[in-house]
Each structure stands twice: as C-alpha cells, then as structure tokens.
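Asks: The structure file input.txt (compact mmCIF, C-alpha atoms and all ligand atoms) is provided below.
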```txt
# COMPACT_ATOMS: atom_id res chain seq x y z
CA GLY S 161 -1.82 76.31 57.42
CA GLY S 162 -1.86 76.40 61.18
CA THR S 163 -3.80 74.81 63.99
CA ILE S 164 -7.52 75.16 64.62
CA GLY S 165 -9.00 74.23 67.98
CA ILE S 166 -12.52 72.82 68.14
CA LEU S 167 -14.58 72.96 71.33
CA GLY S 168 -16.94 69.95 71.38
CA GLY S 169 -16.41 66.44 70.03
CA GLY S 170 -19.39 65.50 67.87
CA GLN S 171 -20.01 64.97 64.18
CA LEU S 172 -20.15 68.69 63.41
CA GLY S 173 -16.58 69.07 64.65
CA ARG S 174 -15.56 65.98 62.75
CA MET S 175 -16.86 67.40 59.46
CA MET S 176 -15.18 70.74 60.26
CA ALA S 177 -11.88 68.95 60.83
CA VAL S 178 -12.12 67.13 57.49
CA ALA S 179 -12.68 70.49 55.74
CA ALA S 180 -9.81 72.06 57.70
CA ALA S 181 -7.42 69.27 56.73
CA GLN S 182 -8.20 69.87 53.06
CA LEU S 183 -7.20 73.52 53.54
CA GLY S 184 -3.93 72.50 55.17
CA TYR S 185 -4.86 73.08 58.79
CA ARG S 186 -4.44 70.61 61.60
CA CYS S 187 -7.14 70.41 64.23
CA ILE S 188 -7.11 69.65 67.90
CA GLY S 189 -10.23 69.17 69.98
CA PHE S 190 -11.47 69.89 73.49
CA ALA S 191 -14.28 67.53 74.42
CA PRO S 192 -14.97 66.57 78.03
CA GLU S 193 -18.06 64.55 77.14
CA GLY S 194 -16.23 61.36 76.15
CA ASP S 195 -17.29 59.08 73.25
CA THR S 196 -15.90 61.64 70.82
CA VAL S 197 -16.06 61.05 67.09
CA LEU S 198 -13.65 63.93 66.59
CA GLU S 199 -10.56 62.02 67.67
CA GLN S 200 -10.66 59.85 64.55
CA VAL S 201 -9.82 62.90 62.44
CA CYS S 202 -7.96 65.13 64.92
CA ASP S 203 -4.36 65.11 66.05
CA ASP S 204 -5.27 65.31 69.70
CA VAL S 205 -8.42 65.72 71.78
CA PHE S 206 -8.26 67.13 75.29
CA SER S 207 -10.78 65.31 77.49
CA ASN S 208 -10.49 67.72 80.41
CA LYS S 209 -13.50 69.37 82.04
CA TRP S 210 -14.88 72.60 80.57
CA ASP S 211 -13.71 74.57 83.62
CA ASP S 212 -10.15 73.20 83.66
CA ARG S 213 -8.39 76.53 83.10
CA ALA S 214 -4.89 75.06 82.91
CA ALA S 215 -5.95 72.58 80.23
CA LEU S 216 -7.81 75.29 78.31
CA ALA S 217 -4.72 77.51 78.39
CA ALA S 218 -2.54 74.63 77.12
CA PHE S 219 -5.10 73.92 74.39
CA ALA S 220 -5.44 77.56 73.30
CA ALA S 221 -1.66 78.03 73.26
CA GLN S 222 -1.42 75.46 70.45
CA CYS S 223 -4.12 77.10 68.33
CA ASP S 224 -4.04 79.90 65.78
CA ALA S 225 -7.83 80.05 66.01
CA VAL S 226 -10.44 78.34 68.18
CA THR S 227 -14.09 77.68 67.37
CA TRP S 228 -16.91 75.48 68.66
CA GLU S 229 -19.15 72.84 67.18
CA PHE S 230 -21.38 72.51 70.27
CA GLU S 231 -23.74 75.31 71.24
CA ASN S 232 -23.70 74.50 74.94
CA VAL S 233 -20.01 75.06 75.53
CA PRO S 234 -20.06 77.10 78.76
CA VAL S 235 -19.67 80.81 78.01
CA SER S 236 -16.94 81.01 80.66
CA THR S 237 -14.98 78.35 78.77
CA ALA S 238 -15.20 80.28 75.51
CA GLN S 239 -14.25 83.46 77.35
CA ALA S 240 -11.17 81.75 78.76
CA ILE S 241 -9.72 81.56 75.22
CA PRO S 242 -7.77 84.78 74.54
CA ALA S 243 -9.93 87.37 72.76
CA GLY S 244 -9.23 87.60 69.05
CA ARG S 245 -8.35 83.92 68.92
CA ILE S 246 -11.88 82.53 69.35
CA PHE S 247 -14.47 82.84 66.56
CA PRO S 248 -17.38 83.52 66.68
CA HIS S 249 -17.18 85.87 69.66
CA PRO S 250 -18.47 84.14 72.84
CA ARG S 251 -21.36 86.65 73.00
CA ALA S 252 -23.04 84.53 70.31
CA LEU S 253 -23.11 81.57 72.71
CA GLU S 254 -24.41 83.74 75.49
CA THR S 255 -27.30 84.97 73.33
CA ALA S 256 -28.29 81.62 71.88
CA GLN S 257 -27.98 79.38 74.94
CA ASP S 258 -31.12 80.72 76.57
CA ARG S 259 -34.36 80.60 74.56
CA LEU S 260 -35.69 83.67 76.39
CA THR S 261 -32.57 85.81 75.75
CA GLU S 262 -32.49 84.61 72.16
CA LYS S 263 -36.14 85.53 71.49
CA ARG S 264 -35.79 88.98 73.07
CA PHE S 265 -32.63 89.60 71.06
CA VAL S 266 -34.37 88.67 67.80
CA GLU S 267 -37.48 90.73 68.64
CA ASP S 268 -35.24 93.70 69.29
CA LEU S 269 -33.99 93.33 65.70
CA GLY S 270 -37.53 93.24 64.29
CA GLY S 271 -37.99 89.46 64.15
CA THR S 272 -41.17 87.62 65.14
CA PRO S 273 -40.92 84.54 67.35
CA ALA S 274 -43.92 82.40 68.39
CA ALA S 275 -45.86 84.06 71.24
CA TYR S 276 -44.06 83.06 74.43
CA ALA S 277 -44.03 83.42 78.19
CA LYS S 278 -41.35 82.84 80.81
CA VAL S 279 -42.33 79.99 83.16
CA ASP S 280 -40.72 79.49 86.56
CA SER S 281 -43.62 77.90 88.41
CA HIS S 282 -46.89 76.07 87.88
CA ASP S 283 -48.77 79.35 88.37
CA ASP S 284 -46.70 80.92 85.60
CA LEU S 285 -47.66 78.03 83.33
CA THR S 286 -51.35 78.40 84.10
CA ALA S 287 -51.15 82.14 83.42
CA ALA S 288 -49.18 81.51 80.20
CA ILE S 289 -51.80 79.09 78.86
CA GLU S 290 -54.56 81.52 79.81
CA ARG S 291 -52.86 84.35 77.95
CA LEU S 292 -51.43 82.51 74.92
CA GLY S 293 -53.86 79.61 74.69
CA ALA S 294 -53.27 75.94 73.94
CA PRO S 295 -51.93 73.96 72.19
CA GLY S 296 -48.43 75.05 73.02
CA ILE S 297 -45.00 73.70 73.82
CA LEU S 298 -43.25 73.99 77.15
CA LYS S 299 -39.48 74.02 76.70
CA THR S 300 -36.46 74.19 78.97
CA ARG S 301 -34.78 77.52 78.32
CA ARG S 302 -31.35 75.88 78.19
CA ASP S 303 -29.66 72.70 77.00
CA GLY S 304 -32.42 71.35 74.73
CA TYR S 305 -31.63 69.71 71.40
CA ASP S 306 -33.35 67.24 69.06
CA GLY S 307 -36.66 68.05 70.79
CA LYS S 308 -35.36 67.00 74.21
CA GLY S 309 -36.61 69.05 77.15
CA GLN S 310 -39.95 69.80 75.49
CA TRP S 311 -43.53 68.98 76.43
CA ARG S 312 -46.49 69.42 74.12
CA ILE S 313 -49.48 70.83 75.97
CA SER S 314 -52.83 70.42 74.27
CA SER S 315 -55.04 71.97 76.95
CA ALA S 316 -54.98 73.74 80.30
CA ARG S 317 -56.05 70.46 81.89
CA ASP S 318 -53.06 68.78 80.32
CA ALA S 319 -50.81 71.17 82.19
CA GLU S 320 -52.45 70.60 85.59
CA GLY S 321 -50.94 67.20 86.17
CA LEU S 322 -47.54 68.12 84.75
CA ARG S 323 -44.60 67.95 87.16
CA LEU S 324 -42.31 70.77 86.14
CA PRO S 325 -38.56 70.20 86.16
CA ASP S 326 -36.69 72.56 88.46
CA VAL S 327 -35.09 74.63 85.69
CA PRO S 328 -36.10 77.85 83.91
CA LEU S 329 -38.78 77.16 81.29
CA ILE S 330 -40.55 78.92 78.47
CA TYR S 331 -44.04 78.33 77.08
CA GLU S 332 -44.55 78.85 73.36
CA ALA S 333 -47.84 78.99 71.53
CA PHE S 334 -48.01 76.26 68.90
CA VAL S 335 -47.28 77.70 65.46
CA GLU S 336 -49.58 76.43 62.70
CA PHE S 337 -46.84 76.42 60.11
CA GLU S 338 -47.03 75.52 56.44
CA ALA S 339 -43.43 74.38 56.38
CA GLU S 340 -40.09 74.78 58.16
CA PHE S 341 -36.88 76.15 56.73
CA SER S 342 -33.51 77.38 57.87
CA VAL S 343 -31.29 80.25 56.86
CA ILE S 344 -27.60 79.39 56.97
CA LEU S 345 -25.06 82.12 56.41
CA VAL S 346 -21.35 82.62 56.78
CA ARG S 347 -19.90 85.92 57.89
CA GLY S 348 -16.21 86.65 57.36
CA ARG S 349 -13.88 88.58 59.64
CA ASP S 350 -14.37 91.59 57.34
CA GLY S 351 -18.17 91.46 57.74
CA GLU S 352 -18.95 89.96 54.34
CA VAL S 353 -22.07 87.76 54.48
CA ARG S 354 -22.99 84.90 52.15
CA PHE S 355 -26.10 82.70 52.28
CA TRP S 356 -26.67 79.14 51.16
CA ASP S 357 -30.02 78.24 49.64
CA SER S 358 -32.62 77.61 52.32
CA THR S 359 -33.88 74.04 52.52
CA ARG S 360 -37.31 72.79 53.51
CA ASN S 361 -36.81 70.85 56.73
CA THR S 362 -39.01 68.10 58.12
CA HIS S 363 -38.81 66.74 61.65
CA VAL S 364 -39.85 63.43 63.14
CA ASP S 365 -40.22 63.25 66.93
CA GLY S 366 -38.52 66.63 67.26
CA ILE S 367 -35.44 65.44 65.34
CA LEU S 368 -34.52 66.76 61.89
CA ALA S 369 -35.39 64.05 59.36
CA THR S 370 -34.84 65.65 55.94
CA SER S 371 -33.64 68.86 54.30
CA VAL S 372 -34.62 69.30 50.66
CA LEU S 373 -34.27 71.63 47.69
CA PRO S 374 -36.15 73.04 45.92
CA THR S 375 -38.41 74.15 48.73
CA GLY S 376 -41.55 75.10 46.88
CA GLU S 377 -43.15 78.53 46.70
CA VAL S 378 -44.37 79.02 50.25
CA ILE S 379 -40.84 78.98 51.62
CA ALA S 380 -39.22 80.65 48.60
CA ALA S 381 -41.49 83.67 49.13
CA GLN S 382 -40.32 84.08 52.76
CA VAL S 383 -36.60 83.49 52.46
CA GLU S 384 -35.70 87.11 51.76
CA THR S 385 -37.39 88.43 54.91
CA ALA S 386 -35.80 85.67 56.95
CA ARG S 387 -32.38 86.39 55.48
CA SER S 388 -32.58 90.03 56.30
CA LEU S 389 -33.24 89.15 59.96
CA ALA S 390 -30.40 86.61 59.95
CA ARG S 391 -28.04 89.23 58.56
CA LYS S 392 -29.02 91.66 61.32
CA VAL S 393 -28.40 88.99 63.93
CA ALA S 394 -24.97 88.25 62.46
CA ASP S 395 -24.03 91.92 62.21
CA ARG S 396 -25.22 92.75 65.73
CA LEU S 397 -23.15 89.86 67.13
CA GLU S 398 -20.16 90.83 64.94
CA TYR S 399 -20.38 87.19 64.05
CA VAL S 400 -17.52 85.29 62.38
CA GLY S 401 -18.31 81.85 60.98
CA VAL S 402 -21.46 79.94 60.10
CA LEU S 403 -24.73 80.97 61.75
CA THR S 404 -28.12 79.27 61.45
CA LEU S 405 -31.64 80.54 62.07
CA GLU S 406 -34.62 78.18 61.99
CA PHE S 407 -37.99 79.49 60.79
CA PHE S 408 -41.60 78.43 60.46
CA ALA S 409 -43.17 79.54 57.18
CA THR S 410 -46.67 80.69 58.11
CA LYS S 411 -49.57 82.44 56.36
CA SER S 412 -48.36 85.68 57.96
CA GLY S 413 -44.71 85.30 57.02
CA PRO S 414 -41.62 83.78 58.62
CA VAL S 415 -41.79 83.08 62.37
CA PHE S 416 -38.42 82.73 64.07
CA ASN S 417 -37.99 79.41 65.91
CA GLU S 418 -34.43 79.38 67.20
CA MET S 419 -30.86 80.06 66.23
CA ALA S 420 -27.77 77.89 66.34
CA PRO S 421 -24.45 79.77 66.52
CA ARG S 422 -22.73 77.09 64.48
CA VAL S 423 -22.82 74.86 61.45
CA HIS S 424 -26.16 73.06 61.26
CA ASN S 425 -27.60 69.65 60.41
CA SER S 426 -29.84 71.25 57.78
CA GLY S 427 -26.67 72.40 56.00
CA HIS S 428 -25.02 68.99 55.62
CA TRP S 429 -26.21 68.86 52.01
CA THR S 430 -23.72 71.66 51.21
CA ILE S 431 -20.81 69.18 51.37
CA GLU S 432 -21.74 67.83 47.94
CA GLY S 433 -24.57 70.18 46.98
CA ALA S 434 -22.83 73.56 47.14
CA VAL S 435 -19.65 74.92 45.61
CA THR S 436 -18.29 75.50 49.13
CA SER S 437 -19.69 73.59 52.10
CA GLN S 438 -20.77 75.15 55.39
CA PHE S 439 -17.84 73.37 57.05
CA GLU S 440 -15.24 74.72 54.65
CA ASN S 441 -16.62 78.24 54.84
CA HIS S 442 -16.76 78.09 58.61
CA ILE S 443 -13.08 77.15 58.69
CA ARG S 444 -12.29 79.83 56.10
CA ALA S 445 -14.05 82.49 58.19
CA VAL S 446 -12.49 81.40 61.47
CA ALA S 447 -9.02 81.22 59.90
CA GLY S 448 -9.43 84.65 58.29
CA LEU S 449 -9.37 83.30 54.73
CA PRO S 450 -11.54 84.55 51.85
CA LEU S 451 -15.04 83.01 51.79
CA GLY S 452 -16.01 80.51 49.11
CA ASP S 453 -18.95 80.47 46.69
CA THR S 454 -22.14 79.24 48.40
CA SER S 455 -24.09 78.48 45.21
CA THR S 456 -25.99 75.21 44.86
CA VAL S 457 -24.61 72.87 42.19
CA ALA S 458 -27.69 70.67 41.63
CA LYS S 459 -31.32 71.05 40.49
CA ALA S 460 -32.51 69.10 43.51
CA VAL S 461 -30.97 68.00 46.79
CA GLU S 462 -32.22 65.68 49.50
CA MET S 463 -30.42 65.14 52.78
CA THR S 464 -31.78 62.41 55.02
CA ASN S 465 -30.57 61.79 58.54
CA ILE S 466 -29.69 58.27 59.59
CA ILE S 467 -31.05 57.80 63.08
CA GLY S 468 -30.29 54.92 65.45
CA ASP S 469 -30.36 51.38 64.02
CA ALA S 470 -30.82 52.57 60.43
CA ILE S 471 -27.04 52.97 60.29
CA SER S 472 -26.62 49.17 60.13
CA SER S 473 -28.05 49.04 56.59
CA ALA S 474 -26.81 52.44 55.42
CA GLN S 475 -24.18 51.02 53.06
CA SER S 476 -27.04 50.11 50.72
CA PHE S 477 -27.14 53.81 49.77
CA LEU S 478 -23.75 53.39 48.10
CA SER S 479 -25.32 51.65 45.10
CA THR S 480 -27.51 54.66 44.22
CA PRO S 481 -25.97 57.16 41.77
CA ASP S 482 -24.92 60.58 43.11
CA THR S 483 -25.80 59.54 46.63
CA HIS S 484 -23.30 60.28 49.37
CA LEU S 485 -23.13 58.45 52.66
CA HIS S 486 -21.66 60.02 55.79
CA ASP S 487 -21.19 57.62 58.70
CA TYR S 488 -20.12 59.54 61.82
CA GLY S 489 -18.37 56.48 63.23
CA LYS S 490 -20.20 56.56 66.55
CA ALA S 491 -19.25 53.57 68.66
CA GLU S 492 -22.63 53.24 70.32
CA VAL S 493 -25.92 53.00 68.43
CA ARG S 494 -28.84 54.46 70.39
CA ALA S 495 -32.47 55.00 69.41
CA GLY S 496 -32.99 58.61 68.38
CA ARG S 497 -29.25 59.22 67.97
CA LYS S 498 -27.90 60.86 64.82
CA MET S 499 -25.54 58.24 63.38
CA GLY S 500 -24.97 59.59 59.89
CA HIS S 501 -26.69 61.17 56.92
CA VAL S 502 -27.06 60.63 53.23
CA THR S 503 -27.26 63.29 50.53
CA ARG S 504 -28.77 62.61 47.14
CA LEU S 505 -28.28 65.05 44.29
CA ASP S 506 -30.15 65.48 41.05
CA ARG S 507 -27.81 67.54 38.82
P1 LIG J 601 -32.63 71.37 67.48
O1 LIG J 601 -32.12 69.97 67.43
O2 LIG J 601 -33.08 71.92 66.14
O3 LIG J 601 -31.78 72.32 68.24
P2 LIG J 601 -34.52 71.78 69.64
O4 LIG J 601 -34.55 70.67 70.63
O5 LIG J 601 -33.84 73.04 70.00
O6 LIG J 601 -34.02 71.21 68.25
P3 LIG J 601 -36.83 73.16 68.54
O7 LIG J 601 -36.19 73.61 67.31
O8 LIG J 601 -37.25 74.17 69.54
O9 LIG J 601 -36.04 72.03 69.30
O10 LIG J 601 -38.12 72.29 68.19
C1 LIG J 601 -37.99 71.10 67.43
C2 LIG J 601 -39.14 71.01 66.44
O11 LIG J 601 -40.39 70.99 67.15
C3 LIG J 601 -39.25 72.22 65.54
O12 LIG J 601 -38.38 72.16 64.43
C4 LIG J 601 -40.73 72.13 65.15
O13 LIG J 601 -40.96 71.12 64.21
C5 LIG J 601 -41.37 71.76 66.45
N1 LIG J 601 -41.69 72.98 67.23
C6 LIG J 601 -40.94 73.57 68.16
N2 LIG J 601 -41.53 74.68 68.66
C7 LIG J 601 -42.70 74.80 68.01
C8 LIG J 601 -43.78 75.73 68.07
N3 LIG J 601 -43.80 76.76 68.92
N4 LIG J 601 -44.85 75.52 67.24
C9 LIG J 601 -44.87 74.46 66.40
N5 LIG J 601 -43.90 73.55 66.31
C10 LIG J 601 -42.82 73.70 67.10
MG MG J 602 -32.17 73.94 69.24
MG MG J 603 -34.49 73.41 66.29
```
Could you show the structure in this file as structure tokens?
Replies:
Amino acid sequence: GGTIGILGGGQLGRMMAVAAAQLGYRCIGFAPEGDTVLEQVCDDVFSNKWDDRAALAAFAAQCDAVTWEFENVPVSTAQAIPAGRIFPHPRALETAQDRLTEKRFVEDLGGTPAAYAKVDSHDDLTAAIERLGAPGILKTRRDGYDGKGQWRISSARDAEGLRLPDVPLIYEAFVEFEAEFSVILVRGRDGEVRFWDSTRNTHVDGILATSVLPTGEVIAAQVETARSLARKVADRLEYVGVLTLEFFATKSGPVFNEMAPRVHNSGHWTIEGAVTSQFENHIRAVAGLPLGDTSTVAKAVEMTNIIGDAISSAQSFLSTPDTHLHDYGKAEVRAGRKMGHVTRLDR
C-alpha cells in the first residue's frame, strides 16, 4: 500500500479511489472546485486553489504517487509535483489541453483529424469556412467538455451573425461519420501497453449517452488502425496510466476526434465488463504495479449515462439482472449533468 494523490474531485477520481482502496492504497484529493464527490471515498481533500504552492507541496509530501482525474488541471500545478511522483507526465496535459496542439501532435504521428483551421477573429472564421466548407463546428481550443464551448455552423451566413467569445478557437469541418468509438489503453511504467475492447459510443446534445459492445463491423474494421495511432501517442508521451482517444469511423477510415489523458466515461463498462477495470489498471500503472488483464468478460455490454433528473428513478435498474448502478452521489442535480451510469451485461 501507500498513498495516492488525485488532482480533481469528480466521479472519475471517486471511481479511481474505490479501485485504489481495493488494492490497499489510501487516497487523498486536491480539488479547488468545491462540490466534490471524491471526499466521500477519500481520507482528505485539499480545497486550496490550483496555484497554492504551499498546499500543493503539503499534498505531494503525503503521496507516494500523484495522478489526475481532470484534464484541465493547470500544467503548472502538475509540474509543481516533484518529477517521478506524478503520473502520467504533465506533458500529456500540455498536449491535450489545447485542441490545436493536440491535432498537430496527432498529425505528426500519422493520424488524421477532421480538417481544421485556427480561428482568432471573425475574418479567420470566414476564411476557414471558405476553405473547409460548411457545415462545421466552431470549438473553443481549451476547457470544453460534454459539448460545451461548441457552435454548429451550417452555412457561411450562419457565421456572419455569430458573436465570437474572446478566446482562441478552432473550426472543424463536420465529419460525416458512420459511428463513433474510443480506444482506451493503459501503459505501465515499463512501457507495456494493453487495450480494452473499443465500444461504439453515441452522444446526445454533445454528451456521451451510451457505450456498447459488440460494435458491429464498421468499427471493428477500424480499431486496429486507431489502436496503432493510440499506441504511438502513448509511447511519444512516455505515458503512464490510462489514455483515451476518440474516433469517428468514416468510409475512409478512422478520423481522430480528440484525446483525453485520463480514464474515460466510455470505459466505465470495464468495472463489471472487463477482467480489470480502467480505474484499477490506472492505479496499478501509477503505483508501479503489474497491469491486469483487460479482456471483456461478457458477450454484450451496454453502459448508459444517467443525466440530470433521471437519477431520481435510477434505483429501478436494480431489479434487472446483471445490471449495475453507479450513483456518483452528487449533491446537486442539474440538467445535462452526469449523475451516474448503469452497465448491463449479457454474459
Ligand atoms: P468530451 O466530453 O468527450 O470531452 P467535448 O466537449 O470535448 O466532449 P467533442 O468530443 O469535441 O466534445 O465533441 C462532442 C461530440 O460532438 C462528438 O463526440 C461528436 O458526436 C460531435 N462532434 C464533434 N466534432 C465533430 C466533427 N468535427 N464532426 C462531426 N461531429 C462532431
Ligand atoms: Mg473533450
Ligand atoms: Mg469528446
């Protein structure tokens, strides 16, 4: 055992802490955001600001290893943890926090993102639409999640009236995809890489709704290419822990959407559906333990997110066989907020 520090206080950290406890580790958290669901399962959660160096030093001093569950932890915060004690390396955050940096990084490794253009002004947007066409999606380069900070643009005229926020933006051509899937891998401290099965993911209003197995042939035929890119990304970053890449399956092969340098919502099914869950393997990697088997244990898996009010009736899932409810214990129910998930297995 030992102590693992988690930067960020959401449900991903909470599920990591549960896995860590099973392996005999205690967890402490660092979560300035407030309303943390981590504190229910952690010994202690620091609520100091991300740039509070004294608090970070006190936090790190208690930890054998530190990781994050939130991809927007400031890079300077991650860098303030002594090197060799924080996993993955903070360079992974740096790469993935900016959609432009992330796309260039992936292109450099041979991956194909949607056609894109950097947008810093209305003129840039006009030029981007002229060059890449419409429809497309305008996104903030930083801080977006669950489809927040995105504007669908169906025509050049659409863009004319748009008031741009005063932050760096990126315009992406709309990808006519057949389906969406994610590649989730774990990389150990020794460089060993293991993949979980890729699920077919569906989104509603920009928020992940379901992740299912089996995926069908369109995705199955593209997983290998996508995995080989994901492995290159992990190797280049000397990544330690769980890494996720999201893809569009298209007629011309897998198109890279984005990466998440962390455990991922589309991997929640692995808690019951795989021999070793993404959370357990993340903790194993970060703690320098041997990685566990990532094989799927069922013929079919369906993970459904519980968003907003739906949590009030979620206990009804408990009467269905081989159906597993996860309630994140969030104090405040909000529309569009991830409140829990349910995984159904067909063994
Ligand atoms: P996450 O919560 O996964 O981090 P996010 O806010 O970073 O979400 P994206 O993954 O960029 O958002 O987009 C959310 C969803 O919107 C995608 O999964 C996809 O369904 C759709 N989408 C995003 N970009 C494109 C695109 N260029 N073409 C077609 N659909 C897109
Ligand atoms: Mg994202
Ligand atoms: Mg996404």
Asks: Residues up to 8 Å from ligand MG 602 (chain J), counting all atoms listed in the file: could you list those as a PyMOL selection string?
Replies: chain S and resi 304-307+418-420
Asks: Go through S:His442, S:Arg264, S:Arg174, S:His363 one by one, measure the shortest atom-to-atom distance of each to ligand MG 603 (chain J) using all atoms listed in the file, and give the residue with the smallest value.
Replies: S:His363
Asks: Name the residues in contact with region 485-491 of chain S at a cut-off of 7 Å, using all atoms listed in the file, excluding same-chain residues fewer than 5 positions from it; report them as a PyMOL selection string.
Replies: chain S and resi 171+197+477-478+499-503
Asks: List all protein, DNA and RNA residues that have at least one atom no more than 8 Å from any atom of ligand LIG 601 (chain J), counting all atoms listed in the file, and write them as an NGL selection string.
Replies: :S and (274-275 or 296-297 or 299 or 304-310 or 332-337 or 340 or 361-368 or 406 or 408 or 417-418 or 420)
Asks: Quick one, how far is CA of Glu254 (chain S) from CA of Ser358 (chain S)?
Replies: 25.3 Å
Asks: Using all atoms listed in the file for the distances, tell me which of S:Gly162, S:Gly448, S:Pro421, S:Gly270 is nearest to ligand MG 603 (chain J).
Replies: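 Closest to ligand MG 603 (chain J), using all atoms listed in the file: S:Pro421.
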Asks: What gap, in Å, lies between CA of Gly401 (chain S) and CA of Ser207 (chain S)?
Replies: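 Spanning CA of Gly401 (chain S) to CA of Ser207 (chain S) is a straight-line distance of 24.6 Å.
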Asks: Mind checking which residues fall within 10 Å of Asp284 (chain S), counting only C-alpha atoms, ignoring those fewer than 6 positions away in the same chain, and posting them as a ChimeraX atom specification?
Replies: /S:277-278,290,329-331
Asks: Measuring between all atoms listed in the file, which one of S:Asn465, S:Ser479, S:Thr454, S:Ser342 shows the shortest distance to ligand MG 603 (chain J)?
Replies: S:Ser342
Asks: Measuring atom to atom with all atoms listed in the file, identify which of S:His428, S:His282, S:Arg507, S:Arg387 is nearest to Val457 (chain S).
Replies: S:Arg507
Asks: Have a look at S:Ile431, S:Ile379, S:Leu405, S:Ala177 and name the one nearest to ligand MG 603 (chain J); count only C-alpha atoms and all ligand atoms.
Replies: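 Closest to ligand MG 603 (chain J), using only C-alpha atoms and all ligand atoms: S:Leu405.
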Asks: Complete the atoms of region 390-407 of chain S to N, CA and C atoms and put them out as a PDB file, in the frame of the given file.
Replies:
```pdb
ATOM      1  N   ALA S 390     -31.622  87.365  59.637  1.00  0.00           N
ATOM      2  CA  ALA S 390     -30.400  86.610  59.950  1.00  0.00           C
ATOM      3  C   ALA S 390     -29.156  87.487  59.789  1.00  0.00           C
ATOM      4  N   ARG S 391     -29.172  88.335  58.770  1.00  0.00           N
ATOM      5  CA  ARG S 391     -28.040  89.230  58.560  1.00  0.00           C
ATOM      6  C   ARG S 391     -27.903  90.229  59.717  1.00  0.00           C
ATOM      7  N   LYS S 392     -29.058  90.728  60.175  1.00  0.00           N
ATOM      8  CA  LYS S 392     -29.020  91.660  61.320  1.00  0.00           C
ATOM      9  C   LYS S 392     -28.474  90.985  62.571  1.00  0.00           C
ATOM     10  N   VAL S 393     -28.896  89.743  62.772  1.00  0.00           N
ATOM     11  CA  VAL S 393     -28.400  88.990  63.930  1.00  0.00           C
ATOM     12  C   VAL S 393     -26.879  88.857  63.833  1.00  0.00           C
ATOM     13  N   ALA S 394     -26.404  88.465  62.653  1.00  0.00           N
ATOM     14  CA  ALA S 394     -24.970  88.250  62.460  1.00  0.00           C
ATOM     15  C   ALA S 394     -24.192  89.553  62.643  1.00  0.00           C
ATOM     16  N   ASP S 395     -24.723  90.635  62.092  1.00  0.00           N
ATOM     17  CA  ASP S 395     -24.030  91.920  62.210  1.00  0.00           C
ATOM     18  C   ASP S 395     -23.992  92.394  63.658  1.00  0.00           C
ATOM     19  N   ARG S 396     -25.146  92.290  64.343  1.00  0.00           N
ATOM     20  CA  ARG S 396     -25.220  92.750  65.730  1.00  0.00           C
ATOM     21  C   ARG S 396     -24.232  91.980  66.625  1.00  0.00           C
ATOM     22  N   LEU S 397     -24.056  90.685  66.323  1.00  0.00           N
ATOM     23  CA  LEU S 397     -23.150  89.860  67.130  1.00  0.00           C
ATOM     24  C   LEU S 397     -21.699  89.981  66.658  1.00  0.00           C
ATOM     25  N   GLU S 398     -21.481  90.779  65.610  1.00  0.00           N
ATOM     26  CA  GLU S 398     -20.160  90.830  64.940  1.00  0.00           C
ATOM     27  C   GLU S 398     -19.653  89.412  64.719  1.00  0.00           C
ATOM     28  N   TYR S 399     -20.561  88.620  64.169  1.00  0.00           N
ATOM     29  CA  TYR S 399     -20.380  87.190  64.050  1.00  0.00           C
ATOM     30  C   TYR S 399     -19.293  86.842  63.034  1.00  0.00           C
ATOM     31  N   VAL S 400     -18.483  85.831  63.350  1.00  0.00           N
ATOM     32  CA  VAL S 400     -17.520  85.290  62.380  1.00  0.00           C
ATOM     33  C   VAL S 400     -17.719  83.781  62.317  1.00  0.00           C
ATOM     34  N   GLY S 401     -18.081  83.281  61.141  1.00  0.00           N
ATOM     35  CA  GLY S 401     -18.310  81.850  60.980  1.00  0.00           C
ATOM     36  C   GLY S 401     -19.712  81.583  60.454  1.00  0.00           C
ATOM     37  N   VAL S 402     -20.149  80.335  60.594  1.00  0.00           N
ATOM     38  CA  VAL S 402     -21.460  79.940  60.100  1.00  0.00           C
ATOM     39  C   VAL S 402     -22.506  80.093  61.205  1.00  0.00           C
ATOM     40  N   LEU S 403     -23.618  80.709  60.833  1.00  0.00           N
ATOM     41  CA  LEU S 403     -24.730  80.970  61.750  1.00  0.00           C
ATOM     42  C   LEU S 403     -26.019  80.445  61.124  1.00  0.00           C
ATOM     43  N   THR S 404     -26.868  79.829  61.948  1.00  0.00           N
ATOM     44  CA  THR S 404     -28.120  79.270  61.450  1.00  0.00           C
ATOM     45  C   THR S 404     -29.314  79.835  62.195  1.00  0.00           C
ATOM     46  N   LEU S 405     -30.349  80.177  61.469  1.00  0.00           N
ATOM     47  CA  LEU S 405     -31.640  80.540  62.070  1.00  0.00           C
ATOM     48  C   LEU S 405     -32.705  79.612  61.510  1.00  0.00           C
ATOM     49  N   GLU S 406     -33.513  79.044  62.397  1.00  0.00           N
ATOM     50  CA  GLU S 406     -34.620  78.180  61.990  1.00  0.00           C
ATOM     51  C   GLU S 406     -35.912  78.977  61.977  1.00  0.00           C
ATOM     52  N   PHE S 407     -36.730  78.747  60.941  1.00  0.00           N
ATOM     53  CA  PHE S 407     -37.990  79.490  60.790  1.00  0.00           C
ATOM     54  C   PHE S 407     -39.159  78.551  60.510  1.00  0.00           C
TER      55      PHE S 407
END
```
